[in-house]
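To be precise, the following lines are coords34.csv, and they hold CSV, C-alpha atoms.
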chain,number,residue,atom,x,y,z
Z,24,MET,CA,-10.0,-23.4,10.3
Z,25,GLN,CA,-7.5,-24.0,13.1
Z,26,ASN,CA,-5.6,-21.1,14.7
Z,27,GLU,CA,-2.9,-20.0,12.3
Z,28,LYS,CA,0.6,-19.2,13.4
Z,29,LEU,CA,3.3,-17.3,11.6
Z,30,THR,CA,7.0,-18.3,11.5
Z,31,ASP,CA,9.5,-15.5,12.4
Z,32,MET,CA,10.6,-15.5,8.7
Z,33,GLN,CA,7.1,-15.1,7.5
Z,34,ARG,CA,6.5,-12.3,10.0
Z,35,ASP,CA,9.6,-10.5,8.9
Z,36,ALA,CA,8.6,-10.8,5.2
Z,37,LEU,CA,5.1,-9.5,5.9
Z,38,LYS,CA,6.6,-6.6,7.9
Z,39,GLU,CA,8.8,-5.8,4.9
Z,40,LEU,CA,5.8,-6.0,2.7
Z,41,GLY,CA,3.8,-3.7,5.1
Z,42,ASN,CA,6.8,-1.3,5.0
Z,43,ILE,CA,6.7,-1.2,1.2
Z,44,GLY,CA,2.9,-0.7,1.1
Z,45,ALA,CA,2.8,1.9,3.9
Z,46,GLY,CA,5.9,3.7,2.6
Z,47,SER,CA,4.0,4.3,-0.6
Z,48,ALA,CA,0.9,5.3,1.3
Z,49,ALA,CA,2.9,7.7,3.6
Z,50,THR,CA,4.4,9.3,0.5
Z,51,ALA,CA,0.9,9.8,-0.9
Z,52,LEU,CA,-0.3,11.3,2.4
Z,53,SER,CA,2.7,13.5,2.7
Z,54,GLN,CA,2.0,14.9,-0.8
Z,55,LEU,CA,-1.7,15.4,-0.1
Z,56,LEU,CA,-1.1,17.3,3.1
Z,57,GLY,CA,2.2,19.0,2.2
Z,58,LYS,CA,3.7,17.7,5.5
Z,59,ASP,CA,6.5,15.3,6.4
Z,60,ILE,CA,5.1,12.0,7.4
Z,61,LYS,CA,7.1,9.5,9.4
Z,62,LEU,CA,6.4,5.8,9.3
Z,63,ASN,CA,6.6,3.4,12.2
Z,64,VAL,CA,7.6,-0.2,11.8
Z,65,PRO,CA,4.5,-2.1,11.0
Z,66,ASP,CA,3.0,-4.6,13.4
Z,67,VAL,CA,2.0,-8.0,11.9
Z,68,THR,CA,-0.2,-10.3,14.0
Z,69,ILE,CA,-2.7,-13.1,13.9
Z,70,ILE,CA,-5.2,-12.8,16.8
Z,71,PRO,CA,-8.6,-14.1,17.6
Z,72,ILE,CA,-11.4,-11.8,16.4
Z,73,GLU,CA,-12.4,-10.9,20.0
Z,74,LYS,CA,-8.9,-9.5,20.6
Z,75,VAL,CA,-8.8,-7.1,17.7
Z,76,ASN,CA,-10.2,-4.1,19.7
Z,77,GLU,CA,-7.7,-4.7,22.5
Z,78,LYS,CA,-4.9,-4.8,20.0
Z,79,ILE,CA,-5.8,-1.5,18.4
Z,80,ALA,CA,-6.4,-0.1,21.8
Z,81,LYS,CA,-8.3,3.0,20.9
Z,82,HIS,CA,-11.4,1.9,22.8
Z,83,GLN,CA,-13.8,4.8,23.4
Z,84,GLN,CA,-11.8,7.4,21.5
Z,85,ILE,CA,-13.8,9.1,18.7
Z,86,ILE,CA,-12.2,8.4,15.4
Z,87,ALA,CA,-13.0,9.1,11.7
Z,88,ALA,CA,-12.5,5.8,9.9
Z,89,VAL,CA,-12.5,5.3,6.1
Z,90,TYR,CA,-13.3,1.7,5.3
Z,91,LEU,CA,-12.6,-0.1,1.9
Z,92,ARG,CA,-13.1,-3.6,0.8
Z,93,ILE,CA,-10.3,-4.9,-1.4
Z,94,TYR,CA,-11.1,-7.3,-4.3
Z,95,GLY,CA,-9.0,-9.1,-6.8
Z,96,GLU,CA,-6.0,-11.4,-6.2
Z,97,ILE,CA,-5.9,-10.1,-2.7
Z,98,GLN,CA,-9.2,-10.2,-0.7
Z,99,ALA,CA,-8.9,-7.9,2.2
Z,100,ARG,CA,-10.3,-5.0,4.2
Z,101,ALA,CA,-8.6,-1.7,4.8
Z,102,LEU,CA,-9.3,0.8,7.5
Z,103,LEU,CA,-7.7,4.3,7.7
Z,104,ILE,CA,-8.1,5.7,11.2
Z,105,LEU,CA,-7.8,9.4,11.8
Z,106,PRO,CA,-8.3,11.1,15.1
Z,107,GLN,CA,-11.6,13.1,15.2
Z,108,ASP,CA,-10.0,16.1,16.8
Z,109,LYS,CA,-7.6,16.6,13.9
Z,110,ILE,CA,-10.1,16.2,11.1
Z,111,PHE,CA,-10.6,20.0,10.5
Z,112,TYR,CA,-6.8,20.4,10.4
Z,113,ILE,CA,-6.4,17.6,7.9
Z,114,ILE,CA,-9.2,19.1,5.7
Z,115,ASP,CA,-7.6,22.6,5.8
Z,116,LEU,CA,-4.2,21.1,4.7
Z,117,LEU,CA,-5.8,19.0,2.0
Z,118,MET,CA,-7.8,21.8,0.5
Z,119,LYS,CA,-4.9,24.2,0.9
Z,120,LYS,CA,-6.9,26.5,3.2
Z,121,LYS,CA,-5.7,28.7,6.0
Z,122,LEU,CA,-5.6,26.6,9.2
Z,123,GLY,CA,-8.7,27.1,11.2
Z,124,THR,CA,-10.9,27.7,8.2
Z,125,THR,CA,-12.9,24.4,8.2
Z,126,ARG,CA,-15.5,24.4,11.0
Z,127,GLU,CA,-18.1,21.9,9.9
Z,128,PHE,CA,-18.1,18.3,8.7
Z,129,GLY,CA,-20.5,18.6,5.8
Z,130,GLU,CA,-20.7,16.6,2.6
Z,131,ASN,CA,-17.7,18.1,0.9
Z,132,GLU,CA,-15.5,17.6,4.0
Z,133,GLN,CA,-16.7,14.0,4.3
Z,134,SER,CA,-15.9,13.4,0.6
Z,135,ALA,CA,-12.4,14.8,1.2
Z,136,ILE,CA,-11.7,12.5,4.1
Z,137,LYS,CA,-13.0,9.5,2.0
Z,138,GLU,CA,-10.8,10.5,-0.9
Z,139,ILE,CA,-7.7,10.5,1.4
Z,140,GLY,CA,-8.6,7.0,2.3
Z,141,ASN,CA,-9.0,6.0,-1.3
Z,142,ILE,CA,-5.7,7.5,-2.4
Z,143,ILE,CA,-3.7,6.1,0.5
Z,144,ILE,CA,-5.1,2.5,0.1
Z,145,SER,CA,-4.7,2.7,-3.7
Z,146,SER,CA,-1.0,3.6,-3.3
Z,147,TYR,CA,-0.6,0.8,-0.8
Z,148,LEU,CA,-2.1,-1.7,-3.2
Z,149,ASN,CA,-0.1,-0.4,-6.1
Z,150,ALA,CA,3.1,-0.9,-4.2
Z,151,LEU,CA,2.1,-4.4,-3.3
Z,152,ALA,CA,1.2,-5.2,-6.9
Z,153,LYS,CA,4.6,-4.0,-8.0
Z,154,PHE,CA,6.5,-6.0,-5.4
Z,155,ILE,CA,4.7,-9.3,-5.4
Z,156,GLY,CA,2.7,-9.2,-8.6
Z,157,LEU,CA,-0.7,-9.6,-7.0
Z,158,ASN,CA,-3.3,-7.2,-8.4
Z,159,SER,CA,-6.3,-5.9,-6.4
Z,160,VAL,CA,-8.6,-2.9,-6.4
Z,161,PRO,CA,-10.4,-1.1,-3.7
Z,162,SER,CA,-14.2,-0.6,-3.4
Z,163,VAL,CA,-15.8,2.8,-3.0
Z,164,PRO,CA,-14.8,4.2,0.4
Z,165,ALA,CA,-17.3,4.2,3.3
Z,166,LEU,CA,-17.0,6.5,6.3
Z,167,ALA,CA,-17.9,6.4,10.0
Z,168,VAL,CA,-17.2,8.9,12.8
Z,169,ASP,CA,-17.8,7.3,16.1
Z,170,MET,CA,-16.3,5.3,19.0
Z,171,ALA,CA,-13.3,3.3,17.8
Z,172,ASP,CA,-14.3,0.1,19.4
Z,173,ALA,CA,-17.8,0.2,17.8
Z,174,ILE,CA,-16.3,0.7,14.4
Z,175,ILE,CA,-13.6,-1.9,14.8
Z,176,GLN,CA,-16.1,-4.4,16.3
Z,177,THR,CA,-18.2,-4.1,13.2
Z,178,ILE,CA,-15.3,-5.0,10.9
Z,179,SER,CA,-14.2,-7.8,13.3
Z,180,ALA,CA,-17.7,-9.2,12.9
Z,181,GLU,CA,-17.3,-9.3,9.2
Z,182,LEU,CA,-14.1,-11.2,9.6
Z,183,ALA,CA,-15.7,-13.6,12.1
Z,184,GLU,CA,-17.9,-14.8,9.3
Z,185,VAL,CA,-14.9,-16.0,7.4
Z,186,GLY,CA,-12.8,-17.5,10.3
Z,187,PRO,CA,-12.0,-17.4,14.0
Z,188,ASP,CA,-8.8,-15.3,13.6
Z,189,ALA,CA,-7.9,-11.9,12.2
Z,190,PHE,CA,-4.8,-11.3,10.3
Z,191,LEU,CA,-3.7,-7.7,10.9
Z,192,ILE,CA,-1.1,-5.5,9.4
Z,193,GLU,CA,-1.0,-2.3,11.4
Z,194,ASN,CA,0.9,0.7,10.1
Z,195,GLU,CA,1.2,4.0,11.9
Z,196,MET,CA,2.0,7.2,10.1
Z,197,VAL,CA,3.0,10.2,12.2
Z,198,GLU,CA,3.2,13.9,11.4
Z,199,LYS,CA,5.5,15.3,14.1
Z,200,GLU,CA,4.6,19.0,14.0
Z,201,THR,CA,1.0,18.6,15.1
Z,202,ASP,CA,1.4,15.1,16.6
Z,203,LEU,CA,-1.1,13.7,14.0
Z,204,SER,CA,-1.1,10.0,14.2
Z,205,THR,CA,-2.8,8.0,11.4
Z,206,THR,CA,-3.3,4.3,11.6
Z,207,LEU,CA,-3.7,2.2,8.5
Z,208,LEU,CA,-5.0,-1.3,9.1
Z,209,ILE,CA,-4.9,-4.0,6.4
Z,210,LEU,CA,-6.9,-7.1,7.1
Z,211,PRO,CA,-6.3,-9.8,4.4
Z,212,GLU,CA,-8.5,-12.9,4.5
Z,213,MET,CA,-6.6,-16.0,5.5
Z,214,THR,CA,-6.7,-17.5,2.0
Z,215,SER,CA,-5.2,-14.3,0.6
Z,216,MET,CA,-2.6,-14.3,3.3
Z,217,LYS,CA,-1.4,-17.7,2.1
Z,218,LYS,CA,-1.3,-16.3,-1.4
Z,219,ILE,CA,0.7,-13.3,-0.2
Z,220,LEU,CA,3.2,-15.5,1.6
Z,221,LYS,CA,3.7,-17.7,-1.4
Z,222,ALA,CA,4.1,-14.7,-3.7
Z,223,LEU,CA,6.6,-13.2,-1.2
Z,224,ASN,CA,8.5,-16.5,-1.1
Z,225,ASP,CA,8.7,-16.6,-4.9
Z,226,THR,CA,9.8,-13.0,-5.1
Z,227,ILE,CA,12.6,-13.6,-2.6
Z,228,LYS,CA,13.8,-16.7,-4.3
Z,229,GLY,CA,13.6,-15.0,-7.7
Z,230,SER,CA,15.7,-12.0,-6.7
J,231,MET,CA,-22.7,-4.0,43.7
J,232,ALA,CA,-20.5,-5.1,40.8
J,233,HIS,CA,-20.0,-3.8,37.4
J,234,ILE,CA,-19.9,-6.9,35.2
J,235,ASN,CA,-18.5,-6.2,31.8
J,236,VAL,CA,-19.7,-8.4,28.9
J,237,GLU,CA,-17.3,-8.5,26.0
J,238,MET,CA,-17.8,-9.7,22.5
J,239,GLY,CA,-18.9,-13.3,22.3
J,240,GLN,CA,-19.6,-13.5,26.1
J,241,LEU,CA,-22.7,-14.2,28.2
J,242,LYS,CA,-22.8,-13.1,31.9
J,243,ILE,CA,-25.3,-13.2,34.7
J,244,GLY,CA,-25.9,-10.4,37.2
J,245,LYS,CA,-28.0,-10.3,40.4
J,246,TYR,CA,-29.4,-7.8,42.9
J,247,ASN,CA,-27.7,-4.4,42.4
J,248,ASP,CA,-25.2,-5.6,39.8
J,249,VAL,CA,-24.8,-3.6,36.6
J,250,LEU,CA,-24.3,-5.5,33.4
J,251,THR,CA,-22.3,-3.5,30.9
J,252,ALA,CA,-21.3,-3.7,27.2
J,253,TYR,CA,-19.2,-1.1,25.5
J,254,GLY,CA,-18.5,-0.1,21.9
J,255,ILE,CA,-21.4,-2.0,20.4
J,256,GLY,CA,-21.4,-1.5,16.6
J,257,SER,CA,-23.0,-4.3,14.5
J,258,CYS,CA,-23.1,-6.6,17.6
J,259,VAL,CA,-26.4,-7.2,19.3
J,260,VAL,CA,-26.8,-7.2,23.0
J,261,VAL,CA,-29.7,-9.2,24.4
J,262,ILE,CA,-30.7,-8.8,28.0
J,263,CYS,CA,-33.1,-11.4,29.4
J,264,TYR,CA,-34.3,-10.6,32.9
J,265,ASP,CA,-36.7,-11.9,35.5
J,266,ARG,CA,-39.6,-9.5,35.7
J,267,ILE,CA,-40.1,-10.2,39.4
J,268,ASN,CA,-36.8,-11.2,40.9
J,269,PRO,CA,-33.4,-9.3,40.6
J,270,VAL,CA,-31.6,-11.6,38.2
J,271,ALA,CA,-30.6,-11.0,34.6
J,272,GLY,CA,-28.3,-12.1,31.9
J,273,MET,CA,-26.6,-10.3,29.1
J,274,LEU,CA,-25.4,-11.7,25.8
J,275,HIS,CA,-23.0,-9.8,23.5
J,276,GLY,CA,-23.5,-11.6,20.2
J,277,ILE,CA,-21.4,-11.0,17.1
J,278,LEU,CA,-23.1,-12.9,14.3
J,279,PRO,CA,-26.7,-14.1,13.7
J,280,GLU,CA,-26.4,-17.8,13.2
J,281,LYS,CA,-24.1,-20.6,14.5
J,282,PRO,CA,-22.7,-22.7,11.7
J,283,ALA,CA,-22.8,-26.4,12.2
J,284,LYS,CA,-19.7,-27.9,14.0
J,285,LYS,CA,-18.5,-24.5,15.3
J,286,SER,CA,-17.6,-23.8,18.9
J,287,GLY,CA,-18.0,-20.5,20.7
J,288,GLU,CA,-21.8,-20.6,21.0
J,289,ASN,CA,-22.1,-17.2,22.6
J,290,ARG,CA,-20.6,-15.5,19.6
J,291,TYR,CA,-23.8,-16.2,17.8
J,292,ILE,CA,-27.2,-14.7,18.5
J,293,ASN,CA,-29.3,-17.8,18.0
J,294,SER,CA,-27.2,-20.2,20.1
J,295,GLY,CA,-26.3,-17.5,22.5
J,296,ILE,CA,-30.0,-16.7,23.4
J,297,GLU,CA,-30.6,-20.4,23.9
J,298,ASN,CA,-27.7,-20.5,26.4
J,299,LEU,CA,-28.9,-17.3,28.1
J,300,ILE,CA,-32.4,-18.7,28.6
J,301,LYS,CA,-31.1,-22.1,29.7
J,302,THR,CA,-28.7,-20.5,32.2
J,303,LEU,CA,-31.6,-18.5,33.8
J,304,LEU,CA,-33.9,-21.5,33.9
J,305,ASP,CA,-31.1,-23.6,35.6
J,306,MET,CA,-30.9,-20.8,38.2
J,307,GLY,CA,-34.6,-21.4,39.0
J,308,VAL,CA,-36.1,-18.5,36.9
J,309,SER,CA,-39.5,-19.4,35.5
J,310,ILE,CA,-39.7,-19.0,31.7
J,311,LYS,CA,-43.0,-17.1,32.0
J,312,ASN,CA,-41.2,-14.4,34.1
J,313,ILE,CA,-38.6,-13.7,31.5
J,314,ASP,CA,-38.7,-10.4,29.5
J,315,ALA,CA,-36.0,-9.1,27.1
J,316,LYS,CA,-34.4,-6.0,25.8
J,317,ILE,CA,-32.3,-5.8,22.6
J,318,LEU,CA,-29.8,-3.2,21.7
J,319,GLY,CA,-27.2,-2.5,19.0
J,320,GLY,CA,-27.1,-3.9,15.5
J,321,ALA,CA,-26.0,-0.7,13.9
J,322,SER,CA,-24.8,-0.2,10.3
J,323,MET,CA,-21.8,1.9,11.2
J,324,PHE,CA,-20.7,3.1,7.7
J,325,ASP,CA,-22.4,5.6,5.4
J,326,VAL,CA,-22.0,3.3,2.4
J,327,LYS,CA,-23.1,-0.3,2.5
J,328,LEU,CA,-20.4,-2.5,1.1
J,329,SER,CA,-22.7,-5.5,1.2
J,330,SER,CA,-26.4,-6.0,0.5
J,331,ASP,CA,-27.6,-6.4,4.1
J,332,THR,CA,-25.4,-5.6,7.0
J,333,ILE,CA,-24.5,-7.9,9.8
J,334,GLY,CA,-26.2,-5.5,12.2
J,335,GLU,CA,-29.5,-5.9,10.4
J,336,ARG,CA,-29.2,-9.6,10.3
J,337,ASN,CA,-28.3,-9.7,14.0
J,338,ILE,CA,-31.4,-7.8,15.0
J,339,LYS,CA,-33.7,-10.0,12.8
J,340,MET,CA,-32.3,-13.2,14.4
J,341,ALA,CA,-32.6,-11.9,17.9
J,342,LYS,CA,-36.3,-11.0,17.3
J,343,GLU,CA,-37.0,-14.3,15.6
J,344,VAL,CA,-35.5,-16.4,18.5
J,345,LEU,CA,-37.2,-14.4,21.2
J,346,THR,CA,-40.6,-14.5,19.5
J,347,LYS,CA,-40.3,-18.3,19.0
J,348,LYS,CA,-39.6,-18.6,22.7
J,349,GLN,CA,-42.6,-16.3,23.4
J,350,ILE,CA,-40.4,-13.9,25.3
J,351,LYS,CA,-41.7,-10.3,25.3
J,352,ILE,CA,-39.4,-7.6,24.1
J,353,THR,CA,-40.0,-4.7,26.5
J,354,GLY,CA,-37.4,-2.4,25.2
J,355,GLU,CA,-35.4,-1.9,22.1
J,356,ASP,CA,-32.7,0.5,20.7
J,357,THR,CA,-31.4,-1.0,17.6
J,358,GLY,CA,-30.2,-0.3,14.1
J,359,LEU,CA,-29.3,3.2,12.7
J,360,ASN,CA,-25.7,4.1,12.2
J,361,TYR,CA,-24.1,4.8,15.5
J,362,GLY,CA,-22.1,2.9,18.2
J,363,ARG,CA,-23.6,2.4,21.7
J,364,ASN,CA,-22.5,1.8,25.3
J,365,VAL,CA,-25.0,-0.1,27.3
J,366,GLU,CA,-25.6,-0.4,31.1
J,367,PHE,CA,-28.3,-2.6,32.6
J,368,PHE,CA,-29.2,-2.2,36.2
J,369,VAL,CA,-30.4,-5.6,37.3
J,370,GLU,CA,-32.4,-4.5,40.3
J,371,THR,CA,-34.4,-1.7,38.6
J,372,LYS,CA,-34.4,-3.4,35.2
J,373,LYS,CA,-33.5,0.0,33.6
J,374,THR,CA,-31.1,0.3,30.7
J,375,VAL,CA,-28.9,3.4,30.0
J,376,ILE,CA,-27.6,3.8,26.4
J,377,LYS,CA,-24.8,6.2,25.8
J,378,SER,CA,-23.6,7.2,22.4
J,379,PHE,CA,-21.3,9.8,20.8
J,380,THR,CA,-23.8,11.1,18.3
J,381,HIS,CA,-27.2,10.6,20.1
J,382,GLY,CA,-26.4,11.4,23.7
J,383,LEU,CA,-28.2,9.4,26.4
J,384,LYS,CA,-31.3,7.2,26.1
J,385,TYR,CA,-33.2,5.2,28.8
J,386,ILE,CA,-35.3,2.2,28.1

So, in terms of structure tokens, how does the structure I just supplied come out?
Amino acid sequence: MQNEKLTDMQRDALKELGNIGAGSAATALSQLLGKDIKLNVPDVTIIPIEKVNEKIAKHQQIIAAVYLRIYGEIQARALLILPQDKIFYIIDLLMKKKLGTTREFGENEQSAIKEIGNIIISSYLNALAKFIGLNSVPSVPALAVDMADAIIQTISAELAEVGPDAFLIENEMVEKETDLSTTLLILPEMTSMKKILKALNDTIKGS
Amino acid sequence: MAHINVEMGQLKIGKYNDVLTAYGIGSCVVVICYDRINPVAGMLHGILPEKPAKKSGENRYINSGIENLIKTLLDMGVSIKNIDAKILGGASMFDVKLSSDTIGERNIKMAKEVLTKKQIKITGEDTGLNYGRNVEFFVETKKTVIKSFTHGLKYI
């Protein structure tokens, strides 16, 4: 496959789609944590696989990443990135415990973090299904806590098996009070991107 | 002395007191081929096991990348019988496997297959498991330092 390019109109449409998905995801996160979550404008890009790490720019930071494959009418990968130093805080909020209670990252805590990933991605996909009529379901969530670039490299490698470029929808969700920044990455396969663009086009025309 | 950073899909050569480095290795495999006697070495940072036909970017792939690495060293006058290798990386980063065999596992297998076929001895290895690695190879001393978040420091 040759390098793909997006027109400005396609990029705007995908940003809007990202907004709708992430808006729903942010609401879910906000309800889970009982905190006000702000959403930044999503970033939509197509870049060579080798450049993905540079783009995410978290490099050697230690992150907790929940990874899900997405199957159905949209084939994609989703990665929810949480800063490792805020994990205990997130778990306390989630489990409605007094802040500072959680001190270890055991099986229950890992399940809790995975479940956050599951809920957020599911609400993202539901919003997409409602908006453009493409239905998809997430796999079971997988978790890694390690250097950001090692985790993102691993997903980039999976994408490299399909094509030379990565299609990236990057959403940032921020909780102001504690400066908690969560990144949600959606990486649709190129064939799915074409399907999404067509569905978007049909939706816009039909409205 | 130079720190030579080898990014994903790259192949680089170092000499004398150079340090060849690769950071944030997850499922990628880093293959170091070095001259046992003289201070010259090359590092490959491969992403996938096997180069599909008609694809460019040979150093992305372990099989074609190792071929290139060895050819580059031979072209520089290194004798094939003096080449030894170390392999690193190939982790399965996530706690649940979402596919039957991970890219990390396949990368390690391919690296070993190609090196064995070329009759190149693997003198050191830190592969597999579930954590990311940073690698530094000191060309002159032929020592490798592996740094990781979960497993601290390792020397091979």

Write down, as a compact mmCIF listing (two decimals) with C-alpha atoms, keeping the file's coordinate frame, each residue of chain J that has any atom within 12 Å of an atom of chain Z, counting all atoms listed in the file.
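Written output follows (selection-v6.txt):
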# COMPACT_ATOMS: atom_id res chain seq x y z
CA VAL J 236 -19.70 -8.40 28.90
CA GLU J 237 -17.30 -8.50 26.00
CA MET J 238 -17.80 -9.70 22.50
CA GLY J 239 -18.90 -13.30 22.30
CA GLN J 240 -19.60 -13.50 26.10
CA ALA J 252 -21.30 -3.70 27.20
CA TYR J 253 -19.20 -1.10 25.50
CA GLY J 254 -18.50 -0.10 21.90
CA ILE J 255 -21.40 -2.00 20.40
CA GLY J 256 -21.40 -1.50 16.60
CA SER J 257 -23.00 -4.30 14.50
CA CYS J 258 -23.10 -6.60 17.60
CA VAL J 259 -26.40 -7.20 19.30
CA HIS J 275 -23.00 -9.80 23.50
CA GLY J 276 -23.50 -11.60 20.20
CA ILE J 277 -21.40 -11.00 17.10
CA LEU J 278 -23.10 -12.90 14.30
CA PRO J 279 -26.70 -14.10 13.70
CA GLU J 280 -26.40 -17.80 13.20
CA LYS J 281 -24.10 -20.60 14.50
CA PRO J 282 -22.70 -22.70 11.70
CA LYS J 284 -19.70 -27.90 14.00
CA LYS J 285 -18.50 -24.50 15.30
CA SER J 286 -17.60 -23.80 18.90
CA GLY J 287 -18.00 -20.50 20.70
CA ASN J 289 -22.10 -17.20 22.60
CA ARG J 290 -20.60 -15.50 19.60
CA TYR J 291 -23.80 -16.20 17.80
CA GLY J 319 -27.20 -2.50 19.00
CA GLY J 320 -27.10 -3.90 15.50
CA ALA J 321 -26.00 -0.70 13.90
CA SER J 322 -24.80 -0.20 10.30
CA MET J 323 -21.80 1.90 11.20
CA PHE J 324 -20.70 3.10 7.70
CA ASP J 325 -22.40 5.60 5.40
CA VAL J 326 -22.00 3.30 2.40
CA LYS J 327 -23.10 -0.30 2.50
CA LEU J 328 -20.40 -2.50 1.10
CA SER J 329 -22.70 -5.50 1.20
CA ASP J 331 -27.60 -6.40 4.10
CA THR J 332 -25.40 -5.60 7.00
CA ILE J 333 -24.50 -7.90 9.80
CA GLY J 334 -26.20 -5.50 12.20
CA GLU J 335 -29.50 -5.90 10.40
CA ARG J 336 -29.20 -9.60 10.30
CA ASN J 337 -28.30 -9.70 14.00
CA ASN J 360 -25.70 4.10 12.20
CA TYR J 361 -24.10 4.80 15.50
CA GLY J 362 -22.10 2.90 18.20
CA ARG J 363 -23.60 2.40 21.70
CA ASN J 364 -22.50 1.80 25.30
CA VAL J 365 -25.00 -0.10 27.30
CA LYS J 377 -24.80 6.20 25.80
CA SER J 378 -23.60 7.20 22.40
CA PHE J 379 -21.30 9.80 20.80
CA THR J 380 -23.80 11.10 18.30
CA HIS J 381 -27.20 10.60 20.10

Quick one: residues within 10 Å of Lys109 in chain Z, all atoms listed in the file, excluding same-chain residues fewer than 2 positions away - as a ChimeraX atom specification? /Z:86-87,105-107,111-114,201-204

Using all atoms listed in the file, which residue out of Z:Glu96, Z:Glu200, Z:Asp108, Z:Asp115 lies closest to Thr214 in chain Z?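 Looking at the shortest contact to Thr214 in chain Z, the residue is Z:Glu96.
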
Non-local contacts of range 262-274 of chain J (7 Å; all atoms listed in the file; under 3 positions in same chain excluded) as a PyMOL selection string: chain J and resi 240-246+250+295+299+308+312-317+369-370

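Taking CA of Lys342 in chain J and CA of Tyr385 in chain J as the two end points, the separation is 20.1 Å.
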
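Computed from the coordinates, the CA of Ile70 in chain Z to CA of Ala51 in chain Z distance equals 29.3 Å.
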
Just the number, please: distance in Å from CA of Ala101 in chain Z to CA of Asp188 in chain Z, one decimal.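 Taking CA of Ala101 in chain Z and CA of Asp188 in chain Z, their separation equals 16.2 Å.
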
Pick from Z:Ile97, Z:Ala150, Z:Ala80, Z:Ile142 nearest to Met213 in chain Z, counting all atoms listed in the file: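 Under the stated criterion, the closest residue is Z:Ile97.
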
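Once Ile310 in chain J and its same-chain neighbours fewer than 4 positions away are set aside, Asp265, Ile300, Lys301, Leu303, Leu304, Asp314, Lys348, Gln349 and Ile350 of chain J remain within 10 Å of it when counting all atoms listed in the file.
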
Give me, as a list in words, all polymer residues having an atom no more than 7 Å from Ser47 in chain Z, counting all atoms listed in the file and skipping those fewer than 2 positions away in the same chain.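 Result of the neighbour search: Ile43, Gly44, Ala45, Ala49, Thr50, Ala51, Ser146, Tyr147 and Ala150 of chain Z.
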